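To keep things clear, I will list the structure first and then write my remarks on it.
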Amino acid sequence: MLRVLFIGDVIAPRAADFLAKSLWSVRRRLEVDFVIVNGENASFLGGISDEAAEALLSGGADCITGGNHTLQTRSIYRKLEEGGAVLRPLNYPDEAPGCGYSILPIGSARILVISALGTVYMEPGLADPLPLIERVLAREEGRYDLSLVDLHAEATGEKLTVAHALDGRISAVIGTHTHVQTADEQILPCGTAYLSDVGMCGPSGGILGVAPHVMIKRSRTHIRIPYAEATGPIVANAAIVDLDETSGKALAIRRISFSEDEL
Ligand SMILES: [Fe+2]
């Protein structure tokens with residue numbers, strides 16, 4: 001059995017710092033073999049900088065997945081081009097910097113991690129994630145033992161559809177993007193672990209990590225007032241997925257959260 005810890009969208013430098021300082025001890029405490037962090041908003045709702053990615057990787061993350069904001073910060077492009085641990089979503093054209101998947105070591109096995117965007121209520125014009133993911137699975141067949149998709153999408157129906165279509169062919173489908181953790185963790189009939197949304201790693205007490213007064217003013221005036229971070233303690237929403245490296249199937253999935261108050 002190999003254990004993956006998947007941490008939801010890191011939404012501010014303060015949250016990235018928290019993870020960089022605490023991940024190694026969390027790994028030991030939870031006996032985790034591999035850590036995936038969705039880092040698309042580590043530069044506060046606007047992509048991820050090269051420095052933030054480096055801090056997360058040296059702080060205990062094995063792979064950083066992306067989302068609709070990943071390509072907004074140009075300093076990450078070099079790291080994306082290097083391939084390996086930092087991913088942008090698979091749906092972008094080949095001309096975009098970086099790659100949408102990677103095969104990385106996990107214990108004595110190999111895990112294929114795919115970062116993909118949904119298309120419902122998301123950026124128009126992007127390719128559907130399901131055929132793209134299926135193409136990667138076919139292309140890399142035999143080169144990995146375990147596989148996981150970070151499906152960065154708004155609509156739970158789209159996430160469930162992709163997960164059921166891939167059931168038994170992929171170890172786990174974990175949703176990100178909404179910043180709110182859902183309570184529908186499950187193992188699908190053919191052995192794929194699923195969670196509609198893992199949540200976020202960011203300041204509590206706000207609206208998806210943003211200070212409430214900003215969002216209320218934006219709502220009342222329709223003026224694009226700059227976002228300000230919520231001021232509560234950082235909470236990391238995450239999922240622990242136990243995987244069988246022989247069959248490639250999931251054994252268990254559970255939701256967890258940990259905060260800077262506890263550590
Ligand atoms: Fe997003």
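Residue numbering restarts at 1 in every chain; chains get A, B, ... in the order shown in the structure tokens, and ligands count up from 1 in that same order.
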ask   = Which residues form the shell of 7 Å around ligand 1 when you count only C-alpha atoms and all ligand atoms, given as number ranges by chain?
value = A: 40, 67-69, 152, 177-178
Write out as a Markdown table the residues of range 40-69 of chain A that have any atom within 9 Å of an atom of range 14-17 of chain A, one row each with the nearest atom pair and its distance in Å to one decimal, counting only C-alpha atoms, sorted by chain and then rising number.
```
| residue | atom | partner | partner_atom | distance |
| --- | --- | --- | --- | --- |
| A:Ala42 | CA | A:Ala16 | CA | 6.1 |
| A:Ser43 | CA | A:Ala16 | CA | 8.7 |
| A:Phe44 | CA | A:Arg14 | CA | 8.9 |
| A:Ala52 | CA | A:Ala16 | CA | 6.6 |
| A:Ala53 | CA | A:Ala16 | CA | 8.6 |
| A:Ala55 | CA | A:Asp17 | CA | 7.6 |
| A:Leu56 | CA | A:Ala16 | CA | 6.7 |
| A:Gly59 | CA | A:Asp17 | CA | 8.9 |
```
task = If you run DSSP over the backbone, which residues in range 7-239 of chain A end up helix (DSSP H, G or I)? Put them as number ranges by chain.
result = A: 13-30, 50-58, 70-72, 74-82, 129-139, 156-166, 212-221
For Ile240 in chain A, list every protein, DNA or RNA residue within 9 Å, evaluated using only C-alpha atoms, and leave out those in the same chain fewer than 2 positions away; present the list as a short mmCIF file (atom, residue, chain, number, x, y, z; two decimals) with N, CA, C and O atoms, in the first residue's frame.
```cif
data_model
loop_
_atom_site.label_atom_id
_atom_site.label_comp_id
_atom_site.auth_asym_id
_atom_site.auth_seq_id
_atom_site.Cartn_x
_atom_site.Cartn_y
_atom_site.Cartn_z
N ARG A 3 0.65 5.58 0.18
CA ARG A 3 -0.28 6.62 0.64
C ARG A 3 0.05 7.97 0.00
O ARG A 3 1.17 8.45 0.11
N VAL A 4 -0.98 8.56 -0.63
CA VAL A 4 -0.84 9.89 -1.24
C VAL A 4 -1.60 10.90 -0.40
O VAL A 4 -2.75 10.66 0.00
N LEU A 5 -0.95 12.02 -0.13
CA LEU A 5 -1.62 13.16 0.50
C LEU A 5 -1.83 14.21 -0.58
O LEU A 5 -0.86 14.63 -1.22
N PHE A 6 -3.08 14.60 -0.79
CA PHE A 6 -3.40 15.60 -1.82
C PHE A 6 -3.94 16.85 -1.11
O PHE A 6 -4.97 16.79 -0.44
N ILE A 7 -3.26 17.96 -1.29
CA ILE A 7 -3.65 19.21 -0.62
C ILE A 7 -4.29 20.15 -1.63
O ILE A 7 -3.76 20.38 -2.72
N LEU A 30 1.50 11.40 9.24
CA LEU A 30 0.44 10.67 8.52
C LEU A 30 0.99 9.49 7.69
O LEU A 30 0.22 8.82 7.01
N VAL A 32 2.94 9.35 5.01
CA VAL A 32 2.61 9.59 3.60
C VAL A 32 3.82 9.28 2.72
O VAL A 32 4.95 9.58 3.07
N ALA A 238 -7.38 18.64 2.79
CA ALA A 238 -6.61 17.64 2.03
C ALA A 238 -7.37 16.32 1.99
O ALA A 238 -8.40 16.14 2.66
N ASP A 242 -5.18 5.90 -0.13
CA ASP A 242 -4.34 4.71 -0.04
C ASP A 242 -4.52 3.89 -1.32
O ASP A 242 -5.65 3.58 -1.72
N ALA A 252 -8.61 3.09 -0.12
CA ALA A 252 -9.38 3.96 0.79
C ALA A 252 -9.13 5.42 0.45
O ALA A 252 -8.09 5.76 -0.12
N ILE A 253 -10.10 6.25 0.81
CA ILE A 253 -9.93 7.70 0.69
C ILE A 253 -10.60 8.35 1.89
O ILE A 253 -11.69 7.95 2.29
N ARG A 254 -9.91 9.32 2.49
CA ARG A 254 -10.55 10.07 3.58
C ARG A 254 -10.12 11.52 3.51
O ARG A 254 -9.04 11.85 3.00
N ARG A 255 -11.00 12.38 4.00
CA ARG A 255 -10.73 13.82 4.00
C ARG A 255 -10.06 14.20 5.31
O ARG A 255 -10.41 13.66 6.36
N ILE A 256 -9.12 15.12 5.25
CA ILE A 256 -8.55 15.65 6.49
C ILE A 256 -8.36 17.16 6.34
O ILE A 256 -8.40 17.69 5.23
#
```
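Residues surrounding Ile106 in chain A within 8 Å are Leu2, Asp33 and Phe34 of chain A [only C-alpha atoms; sequence separation below 6 positions excluded].
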Sorted per-residue table, range 84-107 of chain A near range 121-145 of chain A, closest atoms and distance, 8 Å, only C-alpha atoms, as a tab-separated table:
```
residue	atom	partner	partner_atom	distance
A:Leu90	CA	A:Leu132	CA	7.3
A:Asn91	CA	A:Ala127	CA	5.5
A:Tyr92	CA	A:Leu126	CA	6.7
A:Ile103	CA	A:Tyr144	CA	6.8
```
Atoms to include: N, CA and C atoms. Write the selected residues as an mmCIF file, in the first residue's frame.
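selection_27.cif was written with the following content:
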```cif
data_model
loop_
_atom_site.group_PDB
_atom_site.id
_atom_site.type_symbol
_atom_site.label_atom_id
_atom_site.label_comp_id
_atom_site.auth_asym_id
_atom_site.auth_seq_id
_atom_site.Cartn_x
_atom_site.Cartn_y
_atom_site.Cartn_z
ATOM 1 N N LEU A 90 -3.435 19.982 -18.658
ATOM 2 C CA LEU A 90 -3.272 19.226 -19.904
ATOM 3 C C LEU A 90 -3.999 19.861 -21.094
ATOM 4 N N ASN A 91 -5.061 20.621 -20.802
ATOM 5 C CA ASN A 91 -5.947 21.090 -21.878
ATOM 6 C C ASN A 91 -5.347 22.163 -22.769
ATOM 7 N N TYR A 92 -4.255 22.805 -22.305
ATOM 8 C CA TYR A 92 -3.689 23.887 -23.118
ATOM 9 C C TYR A 92 -2.999 23.307 -24.355
ATOM 10 N N ILE A 103 5.332 11.390 -14.780
ATOM 11 C CA ILE A 103 5.440 10.097 -14.086
ATOM 12 C C ILE A 103 6.579 10.230 -13.080
#
```
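Closest to Val180 in chain A among A:Ser22, A:Ser219, A:Ser108, A:Asn237 is A:Asn237, based on only C-alpha atoms.
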